[in-house]
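I have placed the structure first, in the form of structure tokens, so that the comments after it can refer back to it.
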Amino acid sequence: MDKSFFSLQEVESSYGRLPVLHKVSLQVQQGEIVTLIGANGAGKTSLLMTIFGNPRATHGHIYWQGKDIAHLPTHHIAGLGIALVPEGRRIFPAMTVAENLAMGGRNSVYASVDLEKILEMFPRLKERFKQRAGTLSGGEQQMLAIGRALMSRPQLLLLDEPSLGLAPLIVKQLFEILEEIAKQGMTIFLVEQNANHALKLADRAYVLVNGQIELSGTGAELLDNPEVKRAYLGSL
Amino acid sequence: MTAYILAQQLVNGVVLGAIYGLIAVGYTMVYGIMGMINFAHSEIYMLSAYLSTIVLAVLVYWGIQSPLVLILLTLGVAMSMTALYGWVIERLAYRPLRDAPRLAPLISAIGISLILQSYAVLTQGAKTKGIPTFIEGVTRFGDAVNNVQISNIQVLILIIALCSMVALNFIIQHTAFGQACRATQQDRGMAEILGINTDKVISLVFVIGSAMAAVAGLLVTMNYGSFDFNIGFVMGVKAFTAAVLGGIGSLTGAMLGGIILGVSESLFAGLVNSDYKDVFAFSLLVIFLIFRPSGLLGKPEVEKV
Amino acid sequence: MHLKHALKDALLVGVLALLLFLPMTGIALAENYSFNARLHVPFLLAGMVMLGRFIFSYALHTYHSRQWVKRLIHREDRPRFILRPQRHWILLILFIFGLVLPFTLSNYGLNTAILALIYVLLGLGLNIVVGLAGLLDLGFVAFYAVGAYTFALGGQYFGLGFWGAIPVAAAIAALCGVLLGFPVLRLHGDYLAIVTLGFGEIIRLILTNWIEVTGGPNGVQVPTLQVFGFEFTRIAKAGGVPIHEYLGVAYSTAYRYWFLYLVLFLVVCAMIFVLNRLRSLPIGRAWEALREDEIACRSLGINPVTVKLSAFSMGAMVGGVAGVFFAAQQGFINPTSFTFFESALILAIVVLGGMGSTLGVVLAAIVLTLLPEVLREFSQYRIVLFGGLMVLMMVWRPRGFISLQRRQFEGAA
């Protein structure tokens, strides 16, 4: 049995015959912001997808509030209070903003209330409420994806490279919003390539290299870490 | 070539198109959600002709006389039975092949198609079956020489088809299930992550498509009075053509595509040559798939690499 | 515990089967609204299904049987049994056997053998398109028809003889293959399948309706078989000399069949040889590359256009040649022999033969032709069986047997 809010223990997974995660262990406590940084292809997205069972973990455990969820079918995970803002946003392009948000809140009794709050948080979405999501800009789609995730009132919010492809100003806004969400009590697990913002925001961080956790520490520690600086914070 | 003849062809065409639309809906939904042409769909339609007739025969045997009751009961029972067939077929022949190479579910579907056809022959014989018409009556516009007529059965077909389409459209646009359908169609993985059991959604799509085909089966049987195990094949290709015409994946497209095909086929048969009307329909299919796969009403899509 | 689960499972499946079978098998429609109830049939069938499911759930879920099933299902890339040096002897023996066979068979047996060989040829042709190149052509029967009608109509209008017909039909069919292949190049799997189906049907409908040229549903007479001026008939029909008179032997209807069989057999052997060679030539590799991943093909510099066209035309050519033999055997052809059902049948041969495996296709064609003859009482279940086997084959081995046959990498590339 595990005491932490959310943790991976010695998780391994592969795409077909290609292994991607090697004995990955990490923890997230309630109310924390934890970030996972790493280069392209290190396995960050694979890690998040393994949490959802696609690809399924071949070894190890994934504990959520004390229960091992590693072998649950993908569609069971959302009902447990975990929401994902995936890489590439993956909003439903032919549906309107309203419908996308409704998709997130489909199993929540508080859907209409939360909708109001989210529209306040993202005024742009309120403007484009009836517009087809496929016509939104990258930044707006990202907001929509986050809003959709929040609509389900998750207890754990997973984000996969939310800053990818966005202009620096939008990225700044994005992280401000994440900080705000965290302040309201959300537990956040953030996977990012943009190490600078992520480490500044996070309480704790892990570094993923070739499917393995190489470093861990507080956000501040890793910001000062010379290796991290060289590998991930150089181009800023 | 008077306006009356033209109008008559139009009437016949719209009725024919309604039937095409009902079956096309099944093709378009399955293609939209799974990217696969369900070759066995037309045999489901054929099966429902048999099932409807069997139900009718039993009901008449039990002494039910009222046409309205007969139709409603037959509709309900035949739709349920046909839906069950659709569900079983999906579970047995398509679901195991979700992650198989592209050709596999296609070939499996053809296998099912063969099974269903021979199933009909083995259980009911290869001879044409028929039912006597139990709805008489024709409405005539015009005089005895120049007229347009529409039979009561044709009116009934239009009404039932319209109601079915409206009901289906409502389900897809305004219910949670319909939402789940659309989400699964646009991004299946994301739908799963959001908590949608896409396997169930897909099963239900098959069930609904089969139910709509069942309606078509009953209507066609009532209209023409006869059928055999072979009616599925040509109908299937034409219904798929209708789905393509209206933009594959789109529900309203399938319905409209049906009408368009029905009317144009009818006009061709009446005005040009009725022997080659099947060639006409098949040629439309070939031409559109080669030159404009998004159909008349759909939007051209870029092939994702 | 386990038993209870299996029982419940079987019961559910049994009820489901009963619901499914009850209307169609339990009630046979007769005239008007009358029917004959055979309610014992669905119960019987449901019972069988229930039993089968119970055995499956219970017996096959013990540890050992599960391991056995797992090995059966997941057996990949195990080398086939044929050892290299002995292979040549086996082939030689089979070849001689094939040459000698016709003289031991009755006319009925001969007819069946010829039919089997025709289906072998058809299977080989479609195998190129579907099995090797991965293009689902559902209108293959059109090329078969083209070949047959080329001979028949060619004989009727242009005096085309048997020997002449073979290359001419091959050429015309190959041309048709290119003509068909060209517009459908950009189409992917499902659309390709249905467009080819459409084409096949259009051809058949034209053959049926263009009565002035093709004789329509009444068909066309095939010219009397003539070989170097010799005929196989009792009395000369087309100005040649009946061969039995020339040789001074008694007339027998078998001569014609022997001739057809032997020529066909040689053609089939030649085809098998050529196809095997092609597999290791660049074009054969290109076909397989196309089947695996078209986009990767393009990025490797292989032009999918020419590859697809070559597959289509080669397959079509083989189909056309098969058509000539069919026409020669039947003596008379009409459009009913060229329905979509034939295409589905040939597809079944390719699928059951393992999609890409030459040996498999040959075996499948022979078995599928012989089976209904051998098991006469069960011949009405033939189609259900084919369909069921196709589905089972896809669920078990969606990629066919080709991965098992691919020759291992020998030495430097």
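Identifiers in this document derive from the order of the structure tokens: chains are assigned A, B, ..., residues are numbered from 1 separately in each chain, and ligands are numbered from 1 in order of occurrence.
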
Once you count only C-alpha atoms, what closest atom pair and distance in Å to one decimal does each residue of chain C within 6 Å of chain B have, with rows by chain and rising residue number, as JSON lines?
```
{"residue": "C:Thr25", "atom": "CA", "partner": "B:Thr123", "partner_atom": "CA", "distance": 5.2}
{"residue": "C:Ala28", "atom": "CA", "partner": "B:Gln124", "partner_atom": "CA", "distance": 5.6}
{"residue": "C:Asn32", "atom": "CA", "partner": "B:Ile131", "partner_atom": "CA", "distance": 5.3}
{"residue": "C:Tyr33", "atom": "CA", "partner": "B:Ala57", "partner_atom": "CA", "distance": 4.7}
{"residue": "C:Val195", "atom": "CA", "partner": "B:Val286", "partner_atom": "CA", "distance": 5.4}
{"residue": "C:Gly198", "atom": "CA", "partner": "B:Phe282", "partner_atom": "CA", "distance": 5.6}
{"residue": "C:Ile202", "atom": "CA", "partner": "B:Val279", "partner_atom": "CA", "distance": 5.6}
{"residue": "C:Val384", "atom": "CA", "partner": "B:Ile115", "partner_atom": "CA", "distance": 4.6}
{"residue": "C:Gly387", "atom": "CA", "partner": "B:Gly111", "partner_atom": "CA", "distance": 3.9}
{"residue": "C:Met390", "atom": "CA", "partner": "B:Gly111", "partner_atom": "CA", "distance": 5.3}
{"residue": "C:Val391", "atom": "CA", "partner": "B:Ser108", "partner_atom": "CA", "distance": 4.6}
{"residue": "C:Met394", "atom": "CA", "partner": "B:Ala104", "partner_atom": "CA", "distance": 5.7}
{"residue": "C:Pro398", "atom": "CA", "partner": "B:Ala104", "partner_atom": "CA", "distance": 5.4}
```

Could you list, with a cut-off of 9 Å and counting only C-alpha atoms, the residues of chain A near chain B, each shown with its nearest atom pair and the distance in Å rounded to one decimal, rows sorted by chain and ascending number, as CSV?
```
residue,atom,partner,partner_atom,distance
A:Phe52,CA,B:Ile193,CA,6.9
A:Asn54,CA,B:Gly189,CA,8.9
A:Pro73,CA,B:Asn197,CA,8.9
A:Thr74,CA,B:Glu192,CA,6.0
A:His75,CA,B:Gly195,CA,4.1
A:His76,CA,B:Gly195,CA,6.0
A:Ile77,CA,B:Gly195,CA,6.8
A:Ala78,CA,B:Gly195,CA,4.9
A:Gly79,CA,B:Gly195,CA,6.3
A:Ala83,CA,B:Leu194,CA,7.4
A:Leu84,CA,B:Ile193,CA,7.3
A:Pro86,CA,B:Met190,CA,8.3
A:Arg90,CA,B:Met190,CA,6.9
A:Ile91,CA,B:Met190,CA,8.3
A:Phe92,CA,B:Gln186,CA,6.2
A:Pro93,CA,B:Gln186,CA,7.5
A:Ala94,CA,B:Gln186,CA,7.6
A:Met95,CA,B:Arg182,CA,8.3
A:Glu99,CA,B:Gln179,CA,8.2
A:Asn100,CA,B:Ala183,CA,9.0
A:Met103,CA,B:Gln179,CA,7.4
A:Gly104,CA,B:Leu194,CA,6.6
A:Arg106,CA,B:Ala176,CA,7.6
A:Asn107,CA,B:Gly195,CA,8.8
A:Ala149,CA,B:Leu194,CA,8.3
A:Ser152,CA,B:Leu194,CA,8.8
```

9 Å contact set for region 157-171 of chain A, only C-alpha atoms, chain neighbours under 5 positions out, as a PDB file with all heavy atoms, in the first residue's frame:
```
ATOM      1  N   LYS A  44       8.472  11.426 -22.065  1.00  0.00           N
ATOM      2  CA  LYS A  44       7.571  12.168 -21.206  1.00  0.00           C
ATOM      3  C   LYS A  44       6.109  11.906 -21.568  1.00  0.00           C
ATOM      4  O   LYS A  44       5.287  11.579 -20.696  1.00  0.00           O
ATOM      5  CB  LYS A  44       7.857  13.667 -21.299  1.00  0.00           C
ATOM      6  CG  LYS A  44       9.318  14.018 -21.099  1.00  0.00           C
ATOM      7  CD  LYS A  44       9.513  15.509 -20.915  1.00  0.00           C
ATOM      8  CE  LYS A  44       9.124  16.321 -22.147  1.00  0.00           C
ATOM      9  NZ  LYS A  44       9.911  15.965 -23.327  1.00  0.00           N
ATOM     10  N   THR A  45       5.802  12.017 -22.865  1.00  0.00           N
ATOM     11  CA  THR A  45       4.424  11.769 -23.266  1.00  0.00           C
ATOM     12  C   THR A  45       4.049  10.314 -23.013  1.00  0.00           C
ATOM     13  O   THR A  45       2.936  10.020 -22.565  1.00  0.00           O
ATOM     14  CB  THR A  45       4.228  12.116 -24.753  1.00  0.00           C
ATOM     15  OG1 THR A  45       4.532  13.483 -24.947  1.00  0.00           O
ATOM     16  CG2 THR A  45       2.821  11.823 -25.189  1.00  0.00           C
ATOM     17  N   LEU A  48       2.891   9.830 -19.472  1.00  0.00           N
ATOM     18  CA  LEU A  48       1.519  10.262 -19.233  1.00  0.00           C
ATOM     19  C   LEU A  48       0.522   9.278 -19.842  1.00  0.00           C
ATOM     20  O   LEU A  48      -0.495   8.947 -19.242  1.00  0.00           O
ATOM     21  CB  LEU A  48       1.293  11.658 -19.807  1.00  0.00           C
ATOM     22  CG  LEU A  48       1.911  12.794 -18.990  1.00  0.00           C
ATOM     23  CD1 LEU A  48       1.635  14.125 -19.671  1.00  0.00           C
ATOM     24  CD2 LEU A  48       1.364  12.803 -17.581  1.00  0.00           C
ATOM     25  N   GLY A  81     -10.931  10.868 -11.134  1.00  0.00           N
ATOM     26  CA  GLY A  81     -10.532  12.219 -10.772  1.00  0.00           C
ATOM     27  C   GLY A  81      -9.214  12.666 -11.376  1.00  0.00           C
ATOM     28  O   GLY A  81      -8.595  13.597 -10.891  1.00  0.00           O
ATOM     29  N   ILE A  82      -8.785  11.976 -12.431  1.00  0.00           N
ATOM     30  CA  ILE A  82      -7.552  12.401 -13.101  1.00  0.00           C
ATOM     31  C   ILE A  82      -7.913  12.942 -14.475  1.00  0.00           C
ATOM     32  O   ILE A  82      -8.621  12.292 -15.238  1.00  0.00           O
ATOM     33  CB  ILE A  82      -6.585  11.204 -13.277  1.00  0.00           C
ATOM     34  CG1 ILE A  82      -6.285  10.569 -11.917  1.00  0.00           C
ATOM     35  CG2 ILE A  82      -5.306  11.655 -13.949  1.00  0.00           C
ATOM     36  CD1 ILE A  82      -5.395   9.358 -12.015  1.00  0.00           C
ATOM     37  N   ALA A  83      -7.420  14.139 -14.774  1.00  0.00           N
ATOM     38  CA  ALA A  83      -7.710  14.724 -16.081  1.00  0.00           C
ATOM     39  C   ALA A  83      -6.422  15.043 -16.804  1.00  0.00           C
ATOM     40  O   ALA A  83      -5.423  15.395 -16.184  1.00  0.00           O
ATOM     41  CB  ALA A  83      -8.563  15.980 -15.920  1.00  0.00           C
ATOM     42  N   LEU A  84      -6.459  14.935 -18.106  1.00  0.00           N
ATOM     43  CA  LEU A  84      -5.268  15.148 -18.915  1.00  0.00           C
ATOM     44  C   LEU A  84      -5.475  16.277 -19.911  1.00  0.00           C
ATOM     45  O   LEU A  84      -6.506  16.358 -20.566  1.00  0.00           O
ATOM     46  CB  LEU A  84      -4.924  13.866 -19.678  1.00  0.00           C
ATOM     47  CG  LEU A  84      -3.773  13.954 -20.691  1.00  0.00           C
ATOM     48  CD1 LEU A  84      -2.454  14.147 -19.974  1.00  0.00           C
ATOM     49  CD2 LEU A  84      -3.715  12.719 -21.552  1.00  0.00           C
ATOM     50  N   VAL A  85      -4.486  17.170 -19.975  1.00  0.00           N
ATOM     51  CA  VAL A  85      -4.425  18.145 -21.058  1.00  0.00           C
ATOM     52  C   VAL A  85      -3.326  17.625 -21.986  1.00  0.00           C
ATOM     53  O   VAL A  85      -2.150  17.788 -21.704  1.00  0.00           O
ATOM     54  CB  VAL A  85      -4.053  19.546 -20.523  1.00  0.00           C
ATOM     55  CG1 VAL A  85      -4.020  20.547 -21.642  1.00  0.00           C
ATOM     56  CG2 VAL A  85      -5.053  19.962 -19.454  1.00  0.00           C
ATOM     57  N   PRO A  86      -3.697  16.973 -23.055  1.00  0.00           N
ATOM     58  CA  PRO A  86      -2.713  16.183 -23.797  1.00  0.00           C
ATOM     59  C   PRO A  86      -1.812  17.012 -24.698  1.00  0.00           C
ATOM     60  O   PRO A  86      -2.082  18.173 -24.978  1.00  0.00           O
ATOM     61  CB  PRO A  86      -3.590  15.267 -24.656  1.00  0.00           C
ATOM     62  CG  PRO A  86      -4.812  16.051 -24.891  1.00  0.00           C
ATOM     63  CD  PRO A  86      -5.014  16.909 -23.683  1.00  0.00           C
ATOM     64  N   GLU A  87      -0.760  16.363 -25.168  1.00  0.00           N
ATOM     65  CA  GLU A  87       0.133  16.993 -26.125  1.00  0.00           C
ATOM     66  C   GLU A  87      -0.643  17.291 -27.396  1.00  0.00           C
ATOM     67  O   GLU A  87      -1.389  16.449 -27.886  1.00  0.00           O
ATOM     68  CB  GLU A  87       1.288  16.032 -26.440  1.00  0.00           C
ATOM     69  CG  GLU A  87       2.339  16.632 -27.332  1.00  0.00           C
ATOM     70  CD  GLU A  87       3.421  15.612 -27.640  1.00  0.00           C
ATOM     71  OE1 GLU A  87       3.111  14.409 -27.546  1.00  0.00           O
ATOM     72  OE2 GLU A  87       4.540  16.014 -27.959  1.00  0.00           O
ATOM     73  N   GLY A  88      -0.478  18.499 -27.912  1.00  0.00           N
ATOM     74  CA  GLY A  88      -1.223  18.851 -29.111  1.00  0.00           C
ATOM     75  C   GLY A  88      -2.657  19.227 -28.832  1.00  0.00           C
ATOM     76  O   GLY A  88      -3.456  19.377 -29.755  1.00  0.00           O
ATOM     77  N   ARG A  89      -3.001  19.383 -27.595  1.00  0.00           N
ATOM     78  CA  ARG A  89      -4.310  19.867 -27.147  1.00  0.00           C
ATOM     79  C   ARG A  89      -5.441  18.881 -27.411  1.00  0.00           C
ATOM     80  O   ARG A  89      -6.256  18.645 -26.550  1.00  0.00           O
ATOM     81  CB  ARG A  89      -4.681  21.215 -27.784  1.00  0.00           C
ATOM     82  CG  ARG A  89      -3.837  22.336 -27.283  1.00  0.00           C
ATOM     83  CD  ARG A  89      -3.363  23.252 -28.380  1.00  0.00           C
ATOM     84  NE  ARG A  89      -1.951  23.545 -28.280  1.00  0.00           N
ATOM     85  CZ  ARG A  89      -1.231  23.975 -29.284  1.00  0.00           C
ATOM     86  NH1 ARG A  89      -1.790  24.132 -30.471  1.00  0.00           N
ATOM     87  NH2 ARG A  89       0.038  24.238 -29.127  1.00  0.00           N
ATOM     88  N   GLY A 138      -3.775  28.624 -31.577  1.00  0.00           N
ATOM     89  CA  GLY A 138      -3.100  27.642 -30.737  1.00  0.00           C
ATOM     90  C   GLY A 138      -3.281  27.922 -29.259  1.00  0.00           C
ATOM     91  O   GLY A 138      -3.613  27.036 -28.463  1.00  0.00           O
ATOM     92  N   GLY A 139      -3.073  29.175 -28.915  1.00  0.00           N
ATOM     93  CA  GLY A 139      -3.194  29.534 -27.506  1.00  0.00           C
ATOM     94  C   GLY A 139      -4.613  29.335 -26.996  1.00  0.00           C
ATOM     95  O   GLY A 139      -4.833  28.847 -25.889  1.00  0.00           O
ATOM     96  N   GLN A 142      -5.305  25.786 -26.426  1.00  0.00           N
ATOM     97  CA  GLN A 142      -4.684  25.317 -25.193  1.00  0.00           C
ATOM     98  C   GLN A 142      -5.561  25.668 -24.004  1.00  0.00           C
ATOM     99  O   GLN A 142      -5.756  24.873 -23.097  1.00  0.00           O
ATOM    100  CB  GLN A 142      -3.290  25.941 -25.048  1.00  0.00           C
ATOM    101  CG  GLN A 142      -2.469  25.320 -23.948  1.00  0.00           C
ATOM    102  CD  GLN A 142      -2.233  23.842 -24.166  1.00  0.00           C
ATOM    103  OE1 GLN A 142      -3.032  23.000 -23.776  1.00  0.00           O
ATOM    104  NE2 GLN A 142      -1.135  23.525 -24.806  1.00  0.00           N
ATOM    105  N   ILE A 146      -7.351  23.063 -21.401  1.00  0.00           N
ATOM    106  CA  ILE A 146      -7.256  23.142 -19.938  1.00  0.00           C
ATOM    107  C   ILE A 146      -8.659  23.270 -19.337  1.00  0.00           C
ATOM    108  O   ILE A 146      -9.000  22.605 -18.356  1.00  0.00           O
ATOM    109  CB  ILE A 146      -6.365  24.328 -19.510  1.00  0.00           C
ATOM    110  CG1 ILE A 146      -4.944  24.101 -20.013  1.00  0.00           C
ATOM    111  CG2 ILE A 146      -6.374  24.486 -17.998  1.00  0.00           C
ATOM    112  CD1 ILE A 146      -4.011  25.249 -19.728  1.00  0.00           C
ATOM    113  N   ALA A 149     -10.413  20.047 -19.295  1.00  0.00           N
ATOM    114  CA  ALA A 149      -9.923  19.171 -18.234  1.00  0.00           C
ATOM    115  C   ALA A 149     -10.478  19.594 -16.884  1.00  0.00           C
ATOM    116  O   ALA A 149     -10.854  18.766 -16.055  1.00  0.00           O
ATOM    117  CB  ALA A 149      -8.404  19.171 -18.219  1.00  0.00           C
ATOM    118  N   LEU A 150     -10.544  20.902 -16.665  1.00  0.00           N
ATOM    119  CA  LEU A 150     -11.012  21.388 -15.373  1.00  0.00           C
ATOM    120  C   LEU A 150     -12.491  21.122 -15.156  1.00  0.00           C
ATOM    121  O   LEU A 150     -12.952  21.008 -14.020  1.00  0.00           O
ATOM    122  CB  LEU A 150     -10.732  22.890 -15.238  1.00  0.00           C
ATOM    123  CG  LEU A 150      -9.260  23.278 -15.121  1.00  0.00           C
ATOM    124  CD1 LEU A 150      -9.115  24.791 -15.133  1.00  0.00           C
ATOM    125  CD2 LEU A 150      -8.665  22.708 -13.846  1.00  0.00           C
ATOM    126  N   GLU A 176       0.886  31.585 -15.633  1.00  0.00           N
ATOM    127  CA  GLU A 176       0.198  32.340 -14.592  1.00  0.00           C
ATOM    128  C   GLU A 176      -1.116  31.654 -14.238  1.00  0.00           C
ATOM    129  O   GLU A 176      -1.484  31.539 -13.060  1.00  0.00           O
ATOM    130  CB  GLU A 176      -0.076  33.779 -15.076  1.00  0.00           C
ATOM    131  CG  GLU A 176       1.120  34.684 -14.950  1.00  0.00           C
ATOM    132  CD  GLU A 176       0.933  35.986 -15.743  1.00  0.00           C
ATOM    133  OE1 GLU A 176      -0.210  36.260 -16.161  1.00  0.00           O
ATOM    134  OE2 GLU A 176       1.932  36.693 -15.938  1.00  0.00           O
ATOM    135  N   MET A 186      -5.412  22.765  -6.555  1.00  0.00           N
ATOM    136  CA  MET A 186      -5.258  21.656  -7.505  1.00  0.00           C
ATOM    137  C   MET A 186      -3.868  21.028  -7.411  1.00  0.00           C
ATOM    138  O   MET A 186      -2.874  21.721  -7.219  1.00  0.00           O
ATOM    139  CB  MET A 186      -5.474  22.198  -8.921  1.00  0.00           C
ATOM    140  CG  MET A 186      -5.340  21.168 -10.014  1.00  0.00           C
ATOM    141  SD  MET A 186      -6.671  19.953 -10.011  1.00  0.00           S
ATOM    142  CE  MET A 186      -8.017  20.954 -10.567  1.00  0.00           C
ATOM    143  N   THR A 187      -3.822  19.737  -7.526  1.00  0.00           N
ATOM    144  CA  THR A 187      -2.548  19.031  -7.629  1.00  0.00           C
ATOM    145  C   THR A 187      -2.204  18.926  -9.101  1.00  0.00           C
ATOM    146  O   THR A 187      -3.016  18.500  -9.909  1.00  0.00           O
ATOM    147  CB  THR A 187      -2.671  17.602  -7.054  1.00  0.00           C
ATOM    148  OG1 THR A 187      -3.297  17.666  -5.771  1.00  0.00           O
ATOM    149  CG2 THR A 187      -1.312  16.961  -6.941  1.00  0.00           C
ATOM    150  N   ILE A 188      -0.984  19.376  -9.422  1.00  0.00           N
ATOM    151  CA  ILE A 188      -0.629  19.431 -10.843  1.00  0.00           C
ATOM    152  C   ILE A 188       0.621  18.605 -11.116  1.00  0.00           C
ATOM    153  O   ILE A 188       1.616  18.719 -10.396  1.00  0.00           O
ATOM    154  CB  ILE A 188      -0.371  20.886 -11.290  1.00  0.00           C
ATOM    155  CG1 ILE A 188      -1.657  21.698 -11.180  1.00  0.00           C
ATOM    156  CG2 ILE A 188       0.123  20.921 -12.745  1.00  0.00           C
ATOM    157  CD1 ILE A 188      -1.500  23.148 -11.594  1.00  0.00           C
ATOM    158  N   PHE A 189       0.572  17.796 -12.160  1.00  0.00           N
ATOM    159  CA  PHE A 189       1.755  17.090 -12.641  1.00  0.00           C
ATOM    160  C   PHE A 189       1.991  17.574 -14.064  1.00  0.00           C
ATOM    161  O   PHE A 189       1.220  17.308 -14.974  1.00  0.00           O
ATOM    162  CB  PHE A 189       1.537  15.580 -12.613  1.00  0.00           C
ATOM    163  CG  PHE A 189       2.746  14.798 -13.040  1.00  0.00           C
ATOM    164  CD1 PHE A 189       3.947  14.922 -12.355  1.00  0.00           C
ATOM    165  CD2 PHE A 189       2.697  13.936 -14.124  1.00  0.00           C
ATOM    166  CE1 PHE A 189       5.070  14.209 -12.758  1.00  0.00           C
ATOM    167  CE2 PHE A 189       3.818  13.218 -14.524  1.00  0.00           C
ATOM    168  CZ  PHE A 189       5.004  13.350 -13.840  1.00  0.00           C
ATOM    169  N   LEU A 190       3.067  18.304 -14.236  1.00  0.00           N
ATOM    170  CA  LEU A 190       3.292  19.010 -15.486  1.00  0.00           C
ATOM    171  C   LEU A 190       4.493  18.423 -16.215  1.00  0.00           C
ATOM    172  O   LEU A 190       5.591  18.364 -15.674  1.00  0.00           O
ATOM    173  CB  LEU A 190       3.535  20.494 -15.178  1.00  0.00           C
ATOM    174  CG  LEU A 190       4.010  21.398 -16.303  1.00  0.00           C
ATOM    175  CD1 LEU A 190       2.911  21.593 -17.321  1.00  0.00           C
ATOM    176  CD2 LEU A 190       4.432  22.746 -15.727  1.00  0.00           C
ATOM    177  N   VAL A 191       4.302  18.023 -17.425  1.00  0.00           N
ATOM    178  CA  VAL A 191       5.399  17.520 -18.239  1.00  0.00           C
ATOM    179  C   VAL A 191       5.784  18.629 -19.212  1.00  0.00           C
ATOM    180  O   VAL A 191       4.933  19.173 -19.903  1.00  0.00           O
ATOM    181  CB  VAL A 191       4.948  16.261 -19.006  1.00  0.00           C
ATOM    182  CG1 VAL A 191       5.862  15.978 -20.177  1.00  0.00           C
ATOM    183  CG2 VAL A 191       4.920  15.067 -18.079  1.00  0.00           C
ATOM    184  N   GLU A 192       7.031  18.997 -19.241  1.00  0.00           N
ATOM    185  CA  GLU A 192       7.401  20.161 -20.054  1.00  0.00           C
ATOM    186  C   GLU A 192       8.776  20.029 -20.687  1.00  0.00           C
ATOM    187  O   GLU A 192       9.666  19.393 -20.145  1.00  0.00           O
ATOM    188  CB  GLU A 192       7.400  21.432 -19.194  1.00  0.00           C
ATOM    189  CG  GLU A 192       6.236  22.374 -19.437  1.00  0.00           C
ATOM    190  CD  GLU A 192       6.119  22.879 -20.870  1.00  0.00           C
ATOM    191  OE1 GLU A 192       7.112  22.827 -21.620  1.00  0.00           O
ATOM    192  OE2 GLU A 192       5.015  23.332 -21.226  1.00  0.00           O
ATOM    193  N   GLN A 193       8.904  20.685 -21.846  1.00  0.00           N
ATOM    194  CA  GLN A 193      10.217  20.844 -22.444  1.00  0.00           C
ATOM    195  C   GLN A 193      10.792  22.206 -22.040  1.00  0.00           C
ATOM    196  O   GLN A 193      11.999  22.369 -21.929  1.00  0.00           O
ATOM    197  CB  GLN A 193      10.093  20.792 -23.972  1.00  0.00           C
ATOM    198  CG  GLN A 193      10.980  19.758 -24.606  1.00  0.00           C
ATOM    199  CD  GLN A 193      10.908  19.808 -26.110  1.00  0.00           C
ATOM    200  OE1 GLN A 193      11.330  20.796 -26.698  1.00  0.00           O
ATOM    201  NE2 GLN A 193      10.372  18.773 -26.700  1.00  0.00           N
ATOM    202  N   ASN A 194       9.863  23.158 -21.824  1.00  0.00           N
ATOM    203  CA  ASN A 194      10.272  24.510 -21.432  1.00  0.00           C
ATOM    204  C   ASN A 194      10.633  24.476 -19.954  1.00  0.00           C
ATOM    205  O   ASN A 194       9.841  24.833 -19.085  1.00  0.00           O
ATOM    206  CB  ASN A 194       9.121  25.480 -21.703  1.00  0.00           C
ATOM    207  CG  ASN A 194       9.523  26.920 -21.456  1.00  0.00           C
ATOM    208  OD1 ASN A 194      10.409  27.195 -20.640  1.00  0.00           O
ATOM    209  ND2 ASN A 194       8.866  27.829 -22.141  1.00  0.00           N
ATOM    210  N   HIS A 197      10.324  27.893 -17.255  1.00  0.00           N
ATOM    211  CA  HIS A 197       9.027  28.191 -16.646  1.00  0.00           C
ATOM    212  C   HIS A 197       8.596  27.101 -15.678  1.00  0.00           C
ATOM    213  O   HIS A 197       8.125  27.356 -14.571  1.00  0.00           O
ATOM    214  CB  HIS A 197       7.956  28.342 -17.723  1.00  0.00           C
ATOM    215  CG  HIS A 197       7.885  29.708 -18.333  1.00  0.00           C
ATOM    216  ND1 HIS A 197       7.515  30.824 -17.607  1.00  0.00           N
ATOM    217  CD2 HIS A 197       8.143  30.143 -19.576  1.00  0.00           C
ATOM    218  CE1 HIS A 197       7.543  31.884 -18.405  1.00  0.00           C
ATOM    219  NE2 HIS A 197       7.932  31.499 -19.609  1.00  0.00           N
TER     220      HIS A 197
END
```

Which residues come within 7 Å of region 34-50 of chain C, counting only C-alpha atoms, excluding same-chain residues fewer than 5 positions away, as a PyMOL selection string?
-> (chain B and resi 57) or (chain C and resi 10-11+13-14+17-18+21-22+25-29)

Report as a PyMOL selection string: the residues of region 178-408 of chain C with a DSSP assignment of strand (DSSP E or B), based on the backbone of this structure.
-> chain C and resi 220-221+226-227+230-231+241-242+332-333
